[in-house]
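Asker: Input file: model23.pdb. Contents: PDB, C-alpha atoms, pLDDT in the B column.
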ATOM      1  CA  MET A   1     -77.098 -32.763   2.102  1.00 78.00           C
ATOM      2  CA  SER A   2     -73.679 -34.349   2.060  1.00 85.00           C
ATOM      3  CA  TYR A   3     -73.177 -37.793   3.567  1.00 93.00           C
ATOM      4  CA  TYR A   4     -69.422 -38.252   3.465  1.00 97.00           C
ATOM      5  CA  VAL A   5     -67.742 -34.843   3.131  1.00 96.00           C
ATOM      6  CA  ASP A   6     -68.717 -31.337   4.090  1.00 95.00           C
ATOM      7  CA  GLU A   7     -67.267 -28.114   2.767  1.00 95.00           C
ATOM      8  CA  GLU A   8     -65.194 -27.549   5.914  1.00 95.00           C
ATOM      9  CA  TYR A   9     -63.475 -30.934   5.542  1.00 97.00           C
ATOM     10  CA  TYR A  10     -62.862 -30.295   1.839  1.00 97.00           C
ATOM     11  CA  ARG A  11     -61.280 -26.904   2.481  1.00 96.00           C
ATOM     12  CA  THR A  12     -59.427 -27.402   5.780  1.00 97.00           C
ATOM     13  CA  LYS A  13     -58.383 -31.053   5.879  1.00 97.00           C
ATOM     14  CA  TYR A  14     -58.200 -32.002   2.207  1.00 97.00           C
ATOM     15  CA  HIS A  15     -57.196 -28.496   1.045  1.00 96.00           C
ATOM     16  CA  GLY A  16     -59.204 -28.796  -2.147  1.00 93.00           C
ATOM     17  CA  GLU A  17     -59.306 -26.463  -5.108  1.00 91.00           C
ATOM     18  CA  GLU A  18     -61.227 -23.200  -4.771  1.00 92.00           C
ATOM     19  CA  VAL A  19     -64.882 -23.912  -5.611  1.00 91.00           C
ATOM     20  CA  ASP A  20     -67.684 -21.413  -4.977  1.00 86.00           C
ATOM     21  CA  ASP A  21     -70.286 -22.385  -2.382  1.00 84.00           C
ATOM     22  CA  PHE A  22     -73.139 -22.995  -4.845  1.00 86.00           C
ATOM     23  CA  GLU A  23     -70.981 -25.151  -7.140  1.00 92.00           C
ATOM     24  CA  PHE A  24     -69.522 -27.042  -4.189  1.00 94.00           C
ATOM     25  CA  ASP A  25     -72.905 -28.423  -3.131  1.00 94.00           C
ATOM     26  CA  LYS A  26     -73.656 -29.689  -6.660  1.00 94.00           C
ATOM     27  CA  LEU A  27     -70.171 -31.123  -7.169  1.00 96.00           C
ATOM     28  CA  CYS A  28     -70.127 -32.789  -3.755  1.00 96.00           C
ATOM     29  CA  LYS A  29     -73.487 -34.485  -4.304  1.00 96.00           C
ATOM     30  CA  MET A  30     -72.424 -35.651  -7.748  1.00 96.00           C
ATOM     31  CA  ALA A  31     -69.019 -36.837  -6.479  1.00 97.00           C
ATOM     32  CA  GLU A  32     -70.654 -38.828  -3.695  1.00 97.00           C
ATOM     33  CA  GLU A  33     -73.052 -40.454  -6.167  1.00 97.00           C
ATOM     34  CA  LEU A  34     -70.155 -41.359  -8.475  1.00 97.00           C
ATOM     35  CA  ILE A  35     -68.106 -42.821  -5.609  1.00 98.00           C
ATOM     36  CA  GLU A  36     -71.123 -44.924  -4.579  1.00 97.00           C
ATOM     37  CA  GLU A  37     -71.418 -46.093  -8.189  1.00 97.00           C
ATOM     38  CA  MET A  38     -67.670 -46.817  -8.328  1.00 96.00           C
ATOM     39  CA  THR A  39     -68.046 -49.057  -5.269  1.00 96.00           C
ATOM     40  CA  LEU A  40     -70.938 -50.937  -6.890  1.00 95.00           C
ATOM     41  CA  TYR A  41     -73.186 -49.377  -4.220  1.00 96.00           C
ATOM     42  CA  ARG A  42     -71.404 -51.160  -1.392  1.00 96.00           C
ATOM     43  CA  LEU A  43     -70.908 -47.655  -0.036  1.00 97.00           C
ATOM     44  CA  THR A  44     -74.080 -46.177   1.410  1.00 96.00           C
ATOM     45  CA  PRO A  45     -74.568 -43.578   4.166  1.00 96.00           C
ATOM     46  CA  VAL A  46     -75.580 -46.347   6.597  1.00 96.00           C
ATOM     47  CA  ALA A  47     -72.691 -48.650   5.652  1.00 96.00           C
ATOM     48  CA  PHE A  48     -70.280 -45.696   5.913  1.00 97.00           C
ATOM     49  CA  LEU A  49     -71.125 -45.222   9.603  1.00 97.00           C
ATOM     50  CA  ALA A  50     -70.252 -48.866  10.331  1.00 97.00           C
ATOM     51  CA  MET A  51     -66.885 -48.760   8.544  1.00 97.00           C
ATOM     52  CA  PRO A  52     -63.557 -48.512  10.360  1.00 98.00           C
ATOM     53  CA  GLU A  53     -62.168 -44.977  10.565  1.00 98.00           C
ATOM     54  CA  ASP A  54     -59.304 -45.672   8.129  1.00 97.00           C
ATOM     55  CA  VAL A  55     -61.814 -46.803   5.473  1.00 98.00           C
ATOM     56  CA  ARG A  56     -64.047 -43.779   6.132  1.00 98.00           C
ATOM     57  CA  GLU A  57     -61.017 -41.518   5.690  1.00 98.00           C
ATOM     58  CA  ARG A  58     -60.203 -43.121   2.329  1.00 98.00           C
ATOM     59  CA  VAL A  59     -63.840 -42.604   1.261  1.00 98.00           C
ATOM     60  CA  ARG A  60     -63.666 -38.943   2.299  1.00 98.00           C
ATOM     61  CA  GLN A  61     -60.422 -38.484   0.375  1.00 98.00           C
ATOM     62  CA  ALA A  62     -61.884 -40.218  -2.701  1.00 98.00           C
ATOM     63  CA  VAL A  63     -64.949 -37.948  -2.635  1.00 98.00           C
ATOM     64  CA  CYS A  64     -62.705 -34.863  -2.401  1.00 98.00           C
ATOM     65  CA  VAL A  65     -60.525 -36.080  -5.271  1.00 98.00           C
ATOM     66  CA  GLN A  66     -63.676 -36.722  -7.302  1.00 97.00           C
ATOM     67  CA  ILE A  67     -64.899 -33.165  -6.575  1.00 96.00           C
ATOM     68  CA  ASP A  68     -61.598 -31.761  -7.877  1.00 96.00           C
ATOM     69  CA  TYR A  69     -61.760 -34.048 -10.925  1.00 96.00           C
ATOM     70  CA  LEU A  70     -65.297 -32.956 -11.776  1.00 95.00           C
ATOM     71  CA  ASP A  71     -64.434 -29.292 -11.255  1.00 93.00           C
ATOM     72  CA  ALA A  72     -61.367 -29.544 -13.503  1.00 92.00           C
ATOM     73  CA  ASN A  73     -63.267 -31.367 -16.256  1.00 91.00           C
ATOM     74  CA  GLY A  74     -66.457 -29.391 -16.752  1.00 86.00           C
ATOM     75  CA  GLY A  75     -68.208 -29.550 -13.397  1.00 80.00           C
ATOM     76  CA  ALA A  76     -71.670 -31.018 -13.067  1.00 68.00           C
ATOM     77  CA  GLU A  77     -72.116 -30.892 -16.849  1.00 70.00           C
ATOM     78  CA  MET A  78     -69.469 -33.602 -17.215  1.00 65.00           C
ATOM     79  CA  ASP A  79     -72.079 -36.244 -16.413  1.00 62.00           C
ATOM     80  CA  ASN A  80     -74.391 -35.006 -19.170  1.00 59.00           C
ATOM     81  CA  SER A  81     -71.994 -34.578 -22.054  1.00 52.00           C
ATOM     82  CA  THR A  82     -70.453 -37.007 -24.473  1.00 53.00           C
ATOM     83  CA  GLY A  83     -67.247 -35.031 -24.855  1.00 53.00           C
ATOM     84  CA  ILE A  84     -65.909 -33.152 -27.838  1.00 54.00           C
ATOM     85  CA  GLN A  85     -65.616 -35.382 -30.880  1.00 57.00           C
ATOM     86  CA  SER A  86     -64.010 -32.777 -33.134  1.00 62.00           C
ATOM     87  CA  ALA A  87     -63.789 -29.013 -33.590  1.00 65.00           C
ATOM     88  CA  THR A  88     -62.308 -26.569 -36.087  1.00 68.00           C
ATOM     89  CA  LEU A  89     -61.470 -22.909 -35.575  1.00 68.00           C
ATOM     90  CA  GLY A  90     -59.673 -21.265 -38.479  1.00 64.00           C
ATOM     91  CA  LYS A  91     -56.564 -23.321 -39.216  1.00 63.00           C
ATOM     92  CA  PHE A  92     -56.807 -25.171 -35.916  1.00 72.00           C
ATOM     93  CA  SER A  93     -58.516 -28.546 -35.944  1.00 63.00           C
ATOM     94  CA  TYR A  94     -59.033 -30.999 -33.093  1.00 61.00           C
ATOM     95  CA  SER A  95     -60.223 -34.592 -33.269  1.00 62.00           C
ATOM     96  CA  GLY A  96     -60.718 -36.567 -30.092  1.00 57.00           C
ATOM     97  CA  SER A  97     -58.742 -39.759 -29.788  1.00 53.00           C
ATOM     98  CA  THR A  98     -60.571 -42.966 -29.124  1.00 52.00           C
ATOM     99  CA  GLY A  99     -59.957 -45.109 -26.106  1.00 50.00           C
ATOM    100  CA  THR A 100     -59.567 -48.874 -26.044  1.00 54.00           C
ATOM    101  CA  ASN A 101     -63.339 -49.273 -26.118  1.00 53.00           C
ATOM    102  CA  GLY A 102     -63.636 -47.013 -29.196  1.00 57.00           C
ATOM    103  CA  SER A 103     -65.157 -44.140 -27.248  1.00 55.00           C
ATOM    104  CA  THR A 104     -63.880 -40.574 -27.150  1.00 52.00           C
ATOM    105  CA  GLU A 105     -65.837 -39.922 -23.983  1.00 58.00           C
ATOM    106  CA  GLN A 106     -63.789 -39.047 -20.911  1.00 70.00           C
ATOM    107  CA  SER A 107     -64.387 -41.178 -17.842  1.00 87.00           C
ATOM    108  CA  ARG A 108     -66.604 -39.630 -15.193  1.00 92.00           C
ATOM    109  CA  PHE A 109     -64.581 -41.420 -12.531  1.00 95.00           C
ATOM    110  CA  SER A 110     -61.337 -40.024 -11.183  1.00 96.00           C
ATOM    111  CA  PRO A 111     -58.561 -42.613 -11.580  1.00 96.00           C
ATOM    112  CA  ARG A 112     -56.976 -41.329  -8.365  1.00 97.00           C
ATOM    113  CA  ALA A 113     -60.247 -41.732  -6.433  1.00 97.00           C
ATOM    114  CA  GLU A 114     -60.427 -45.340  -7.572  1.00 96.00           C
ATOM    115  CA  ARG A 115     -56.818 -45.952  -6.489  1.00 97.00           C
ATOM    116  CA  LEU A 116     -57.595 -44.476  -3.052  1.00 97.00           C
ATOM    117  CA  LEU A 117     -60.436 -46.963  -2.654  1.00 97.00           C
ATOM    118  CA  TRP A 118     -58.558 -50.088  -3.792  1.00 96.00           C
ATOM    119  CA  PRO A 119     -57.234 -51.005  -0.317  1.00 96.00           C
ATOM    120  CA  THR A 120     -60.764 -50.836   1.135  1.00 96.00           C
ATOM    121  CA  GLY A 121     -62.116 -53.678  -1.012  1.00 94.00           C
ATOM    122  CA  LEU A 122     -65.085 -51.492  -2.001  1.00 95.00           C
ATOM    123  CA  THR A 123     -64.115 -51.511  -5.678  1.00 93.00           C
ATOM    124  CA  TYR A 124     -63.415 -55.260  -5.916  1.00 91.00           C
ATOM    125  CA  ARG A 125     -65.192 -56.731  -8.932  1.00 87.00           C
ATOM    126  CA  GLY A 126     -63.994 -60.321  -8.730  1.00 82.00           C
ATOM    127  CA  GLY A 127     -65.851 -63.437  -7.732  1.00 68.00           C
ATOM    128  CA  ARG A 128     -66.078 -65.113  -4.366  1.00 62.00           C
ATOM    129  CA  TYR A 129     -63.868 -67.935  -3.173  1.00 56.00           C
TER     130      TYR A 129
END
Could you quickly redo this structure as structure tokens?

Answerer:
Amino acid sequence: MSYYVDEEYYRTKYHGEEVDDFEFDKLCKMAEELIEEMTLYRLTPVAFLAMPEDVRERVRQAVCVQIDYLDANGGAEMDNSTGIQSATLGKFSYSGSTGTNGSTEQSRFSPRAERLLWPTGLTYRGGRY
């Protein structure tokens, strides 16, 4: 069951990438869980209903962007893998580059989804005044 986005919204209002019905349900659930995690669990189904419509729309957009991001980067398996460290095929060789934290793992969070949520305050990680 989807709390923030249904397949009709994803296809008709967001105009998301083509995802088969079975995959959509898995990706949507995973995307919603990741968006909740990104918001430090300030976003919940109950809290969502009490939010102003402009904030709810940003949440819906962020979930859709996260679905596209997951689909483009390995689907539901993205959450279970550590990424390719290195591979060789004949003369071709690939070595993953390391990020600033020394990891070659790709982020599970869509950078665009996070940017969509910035104006809502849901991703704020600072202290209180």

Asker: Distance table requested - range 12-38 of chain A against range 104-123 of chain A, cut-off 9 Å, all atoms listed in the file: one row per qualifying residue with the closest atom pair and its distance in Å to one decimal, ordered by chain and rising residue number, as CSV.

Answerer:
residue,atom,partner,partner_atom,distance
A:Ala31,CA,A:Phe109,CA,8.8
A:Leu34,CA,A:Phe109,CA,6.9
A:Ile35,CA,A:Phe109,CA,7.9
A:Met38,CA,A:Thr123,CA,6.5

Asker: Counting only C-alpha atoms, which residue out of A:Pro45, A:Phe92, A:Glu7, A:Val55 sits closest to Phe22 in chain A?

Answerer: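 The closest residue to Phe22 in chain A is A:Glu7.
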
Asker: Work out how far apart CA of Arg58 in chain A and CA of Tyr3 in chain A are and give it in Å to one decimal.

Answerer: 14.1 Å

Asker: Scan for residues within 12 Å of the point (-67.3, -34.9, 5.8) in the coordinates of the file, using only C-alpha atoms, and reply as JSON, numbers by chain.

Answerer: {"A": [1, 2, 3, 4, 5, 6, 7, 8, 9, 10, 11, 12, 13, 14, 28, 29, 32, 45, 48, 49, 56, 57, 58, 59, 60, 61, 62, 63, 64]}

Asker: Tell me which of A:Asp20, A:Gln66, A:Gly126, A:Gly75 sits closest to Glu36 in chain A, counting all atoms listed in the file.

Answerer: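 Nearest to Glu36 in chain A: A:Gln66.
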
Asker: What is the CA of Glu37 in chain A to CA of Asn73 in chain A distance in Å?

Answerer: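 We find that CA of Glu37 in chain A and CA of Asn73 in chain A lie 18.7 Å from each other.
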
Asker: By how many Å are CA of Asp54 in chain A and CA of Asp25 in chain A apart?

Answerer: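 Separation between CA of Asp54 in chain A and CA of Asp25 in chain A: 24.7 Å.
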
Asker: Give the answer as one residue: which of A:Glu53, A:Glu17, A:Tyr124, A:Ala47 has the shortest atom-to-atom distance to Val65 in chain A, using all atoms listed in the file?

Answerer: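 Selected residue with least distance to Val65 in chain A: A:Glu17.
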
Asker: Mind giving me the axis-aligned box for range 50-64 of chain A with 8 Å on every side, centre plus edges in Å to one decimal, as lines of an AutoDock Vina configuration file?

Answerer:
center_x = -64.8
center_y = -41.9
center_z = 3.9
size_x = 26.9
size_y = 30.0
size_z = 29.3
